[in-house]
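Have a look at the structure below before the remarks.
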Amino acid sequence: MLLEAYLEPHLRNALEQIGAAELVTPELEVPKIPEHGDLATTVALQLARPLRRPPRQIAEEIVRHLQLPSEDVAVEIAGPGFINFRFTADFFTRLLRQIADLGDTFGQLSIGKGKRANVEYVSANPTGPLHLGHGRNAALGDTIANLLTWCGYEVTREYYFNNAGNQMALLGKSIYARYRQLLGDEYPFPSDGYHGDYIWEIARGLVERYGDALREETEEHLAICRQEGETWCFAHIRQTLERMGIWHDIYFNEDSLYRDGKVDAVLQALRERGLLYEQDGALWIALSRFGRQDRVLVKSTGEGTYRLPDIAYHRDKLERGYDLIVDVLGADHITTIEDVITAVGALGYDTSRIKVVLHQFVTLTEGGQQVKMSKRSGKSYTLDELLEELGPDVVRFFFLMRAPSTHLEFELELARQQTEVNPVFYLQYAHARICSIFRYASERGIVPDETADTRCLIHPSEQALIKLLVRFPERVRKAAQLYEPQLLAEYLREVAQAFHAFYHEHRIIGAETPEHMHARFVLARLTQRVLRNGLAILGIQAPERMERAAEPLLH
RNA sequence: GCGCCCGUAGCUCAGCGGGAUAGAGCAUCGGCCUUCUAAGCCGAGGGUCGCAGGUUCAAAUCCUGCCGGGCGCGCCA
């Protein structure tokens, strides 16, 4: 139960009585400063102009007509005309009791109930190992999918890839060239080929399996190289993702759109709407009618450009009946995706169901200096290397703690050297600490009373923690609806901080009375649950214990 | 030239569906372990919220222009 919902009808009522209901919406917000109460409204300030009266006077009139739902809430007028509401400590302790009874369902939302969502992310073509940008995309997409699941959506996680285009052909040629070189032939490497060590590795595999049987440069042999490359790359991509705790329900192959006639169908539909025209032997789509630029869909060679299957793909997703379609893409896709959505919209589809989450690029720094190459491999850093060095929790958290729209600087020294001051560990530590308290209790034969009365939790640090925990559902909702996981990460940090502060001020085991002990167990249990569920949404472990850093011996 | 994103403390960034004294982490300085994990807590210093206009009772937040940085703008994906 949200506090806002508790008060809003009464505020609305008061506004109606003074005849101002039409002029303003009865919005309530949480003041930044605790001294300003638990909720506040600025309606009186907003009404000052239309009513042509001083805001304070209006506030007084509203308050006079306000019938408060219970003795638990007090009202005051402050500053130029803010109306502040303050709930009693007793109210919050009883709220804690109610929320604790909800168990793991606390915070779960129903806004997506009965709805289906599709989240597409990673979607890297199998031409090489994943890099840092893919990592951010993967962490974001996976967390958004988790958030939507938490909101009640039935979520499909999808990976879209192309294994037929120029890029893949080039991969095959690169592998073939390395293969020939391994056989001792002088064979030129394609100028724009893939240079990574993995190409050598794949080629070595071919030598082992085929010997020199593929030496002759035929379409068939190149196809084997290409296929081998795809298999290898996909296996590694999936392994990397698995390391991050990521999997997909559907791997959607771009090529299938051609095979199933969906590309032709899209061309047909566009043609029927008069959106296609020929020029210079190519087929163009007239996006300029929608304030955009015309684009080639079919090249003069007869091949489609990538935009064509992209349009067919989005049409397909819309046809599959999802209520919500989320595309998680790097910033370089802006122009393309807008073209695609415009085209699909021109075909008469409701594109408001499509939500594009664009994230900016990632730069890796070490001590403030930009790192372009991995020290070990001498090549650009792969996601795998980062995972190996830092572990999945740190990597995921670093990718998630910034807003998708901002450029992300991944500071290696902070992530690596200062594992002890790392923001991830701060959250995990709070959880481990709570687990430790329950372990300690159990060892001493203390059984926490999960149904204990919590009304004695009236100290400021206890109240602050309760007030924060109450906000969990609303904060998750905001993160989900804005597709901004960093909001949840920030909230969890606040919870951890409030718990640590509470912990230092009060004892649980050894509290002043048994009543306090059991009430605090309830509070600790709820904190633990919020941290565990919140971390689970971010895809980060909530460890039950953490190693204590070895203390240096003092002499 | 056009489009999208960013410009907030020494550094990295929250806040930006307008609101009352602009926050966090790191870094710096000072306190706190004979009791449930000090990967912690408490405190201090540090900011013309890029600049200039505009809208508003109220602007870091909305609008316009400019400056600075990133990414796109292909019959590549």
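To be explicit about the labels: the chains of the structure tokens are called A, B, and onward in the order shown, and within each one the residues are counted from 1, while ligands get numbers from 1 in the order they are shown.
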
- Task: Show which residues sit within 12 Å of region 333-335 of chain A, as a list in words. Count only C-alpha atoms (C1' of nucleotides), and ignore same-chain residues fewer than 6 positions away.
- Result: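 Counting only C-alpha atoms (C1' of nucleotides), the residues come to Arg292, Gln293, Asp294, Arg295, Tyr306, Arg307, Asp310, Asp327, Ile341, Thr342, Val356, Val357, Leu358, His359, Gln360 and Phe361 of chain A; C2, G3, C4, C5, C71, G72, C73 and A77 of chain B.
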
- Message: Give me, as JSON, numbers by chain, the residues of chain B touching chain A, with the criterion being at most 8 Å (counting only C-alpha atoms (C1' of nucleotides)).
- Response: {"B": [3, 4, 5, 6, 12, 13, 14, 19, 20, 25, 26, 36, 37, 39, 40, 41, 57, 70, 71, 72, 73, 75, 76, 77]}

- Item | Test item, strand (DSSP E) assignment across region 25-142 of chain A, answer as a ChimeraX atom specification | /A:39-41,73-78,82-87,116-120

C-alpha atoms of the current selection, written as a compact mmCIF listing (two decimals), in the first residue's frame:
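Generated output (out_28.txt):
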# COMPACT_ATOMS: atom_id res chain seq x y z
CA LEU A 39 4.73 13.47 1.76
CA ALA A 40 4.08 16.95 0.47
CA THR A 41 1.94 18.66 -2.09
CA VAL A 73 -1.14 11.62 9.91
CA ALA A 74 -0.50 15.26 10.72
CA VAL A 75 -0.56 18.23 8.40
CA GLU A 76 1.39 21.44 8.38
CA ILE A 77 1.77 24.37 6.07
CA ALA A 78 5.32 25.42 5.38
CA PHE A 82 3.72 23.73 0.83
CA ILE A 83 1.36 21.33 2.56
CA ASN A 84 3.37 18.69 4.35
CA PHE A 85 2.06 15.42 5.72
CA ARG A 86 3.74 13.53 8.48
CA PHE A 87 2.91 10.02 9.55
CA ARG A 116 3.60 -10.40 -23.01
CA ALA A 117 6.85 -8.59 -23.56
CA ASN A 118 9.76 -9.29 -25.86
CA VAL A 119 13.19 -7.98 -25.02
CA GLU A 120 15.83 -8.18 -27.70

- Compile the contact shell of A59 (chain B) as a PyMOL selection string: residues with an atom at most 12 Å away, counting only C-alpha atoms (C1' of nucleotides), same-chain residues fewer than 4 positions apart removed. chain B and resi 16+18-19+49+54-55+63

Would you output that residue set with N, CA, C and O atoms (P, O5', C5', C4', C3', O3' and C1' of nucleotides), as a PDB file, in the first residue's frame?
ATOM      1  P     C B  16      14.870  12.649 -11.494  1.00  0.00           P
ATOM      2  O5'   C B  16      15.070  13.915 -12.423  1.00  0.00           O
ATOM      3  C5'   C B  16      14.428  15.162 -12.124  1.00  0.00           C
ATOM      4  C4'   C B  16      14.701  16.104 -13.260  1.00  0.00           C
ATOM      5  C3'   C B  16      14.312  15.536 -14.620  1.00  0.00           C
ATOM      6  O3'   C B  16      12.977  15.935 -14.906  1.00  0.00           O
ATOM      7  C1'   C B  16      16.501  16.438 -14.698  1.00  0.00           C
ATOM      8  P     G B  18       6.970  17.686 -13.207  1.00  0.00           P
ATOM      9  O5'   G B  18       8.495  18.060 -12.832  1.00  0.00           O
ATOM     10  C5'   G B  18       9.228  18.954 -13.550  1.00  0.00           C
ATOM     11  C4'   G B  18      10.182  19.659 -12.643  1.00  0.00           C
ATOM     12  C3'   G B  18       9.705  19.756 -11.178  1.00  0.00           C
ATOM     13  O3'   G B  18      10.590  19.113 -10.290  1.00  0.00           O
ATOM     14  C1'   G B  18       9.813  21.949 -12.280  1.00  0.00           C
ATOM     15  P     G B  19      11.383  19.328  -9.318  1.00  0.00           P
ATOM     16  O5'   G B  19      11.461  20.733  -8.603  1.00  0.00           O
ATOM     17  C5'   G B  19      11.943  20.749  -7.273  1.00  0.00           C
ATOM     18  C4'   G B  19      11.394  21.968  -6.566  1.00  0.00           C
ATOM     19  C3'   G B  19      11.106  21.713  -5.087  1.00  0.00           C
ATOM     20  O3'   G B  19      11.965  22.527  -4.321  1.00  0.00           O
ATOM     21  C1'   G B  19       9.338  22.901  -6.142  1.00  0.00           C
ATOM     22  P     C B  49      25.490  27.196 -11.181  1.00  0.00           P
ATOM     23  O5'   C B  49      26.285  25.824 -11.429  1.00  0.00           O
ATOM     24  C5'   C B  49      26.584  25.385 -12.754  1.00  0.00           C
ATOM     25  C4'   C B  49      26.241  23.921 -12.840  1.00  0.00           C
ATOM     26  C3'   C B  49      25.278  23.599 -13.968  1.00  0.00           C
ATOM     27  O3'   C B  49      25.929  22.652 -14.806  1.00  0.00           O
ATOM     28  C1'   C B  49      24.579  22.611 -11.906  1.00  0.00           C
ATOM     29  P     G B  54      15.413  37.092 -20.439  1.00  0.00           P
ATOM     30  O5'   G B  54      14.273  36.078 -20.911  1.00  0.00           O
ATOM     31  C5'   G B  54      13.653  36.267 -22.187  1.00  0.00           C
ATOM     32  C4'   G B  54      12.907  35.036 -22.595  1.00  0.00           C
ATOM     33  C3'   G B  54      11.844  34.550 -21.620  1.00  0.00           C
ATOM     34  O3'   G B  54      10.654  35.302 -21.710  1.00  0.00           O
ATOM     35  C1'   G B  54      13.107  32.711 -22.394  1.00  0.00           C
ATOM     36  P     U B  55       9.734  35.495 -20.445  1.00  0.00           P
ATOM     37  O5'   U B  55       9.060  34.053 -20.305  1.00  0.00           O
ATOM     38  C5'   U B  55       8.158  33.579 -21.292  1.00  0.00           C
ATOM     39  C4'   U B  55       7.661  32.207 -20.918  1.00  0.00           C
ATOM     40  C3'   U B  55       7.105  32.088 -19.511  1.00  0.00           C
ATOM     41  O3'   U B  55       5.772  32.545 -19.430  1.00  0.00           O
ATOM     42  C1'   U B  55       8.586  30.294 -19.918  1.00  0.00           C
ATOM     43  P     C B  63      12.923  20.734 -23.509  1.00  0.00           P
ATOM     44  O5'   C B  63      12.578  22.177 -24.075  1.00  0.00           O
ATOM     45  C5'   C B  63      11.348  22.411 -24.749  1.00  0.00           C
ATOM     46  C4'   C B  63      11.333  23.826 -25.288  1.00  0.00           C
ATOM     47  C3'   C B  63      12.582  24.219 -26.053  1.00  0.00           C
ATOM     48  O3'   C B  63      12.519  23.802 -27.398  1.00  0.00           O
ATOM     49  C1'   C B  63      12.063  25.907 -24.485  1.00  0.00           C
TER      50        C B  63
END

- Would you return as a VMD selection string the members of region 148-386 of chain A that DSSP assigns to alpha helix (DSSP H) on this structure's backbone? chain A and resid 148 to 150 166 to 182 197 to 210 219 to 243 254 to 259 262 to 272 307 to 319 334 to 346 383 to 386

- Task: Would you work out the distance separating CA of Phe91 (chain A) from CA of Asp72 (chain A), expressed in Å to one decimal?
- Result: 6.0 Å

- Might you pull out every residue within 10 Å of Glu389 (chain A), with only C-alpha atoms (C1' of nucleotides) counted and same-chain residues fewer than 6 positions away left off, and present them as a list of chain:residue names?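 The neighbour list is A:Leu383, A:Val395, A:Leu412, A:Ala415, A:Arg416.
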
- Task: Find, counting only C-alpha atoms, the residue in A:Ala498, A:Leu171, A:Ala235, A:Glu208 that gets nearest to Ser191 (chain A).
- Result: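 When distances to Ser191 (chain A) are compared using only C-alpha atoms, the smallest one comes from A:Leu171.
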
- Would you list the contacts of G30 (chain B) as number ranges by chain, taking every protein, DNA or RNA residue within 12 Å and counting only C-alpha atoms (C1' of nucleotides), but skipping same-chain residues closer than 4 positions in sequence? B: 42-45

Dump of C-alpha atoms (C1' of nucleotides) for the selected residues, as a PDB file, in the first residue's frame:
ATOM      1  C1'   C B  42      30.076   9.084  12.387  1.00  0.00           C
ATOM      2  C1'   G B  43      32.065  13.855  10.989  1.00  0.00           C
ATOM      3  C1'   A B  44      34.884  17.842   7.876  1.00  0.00           C
ATOM      4  C1'   G B  45      36.372  20.357   3.594  1.00  0.00           C
TER       5        G B  45
END
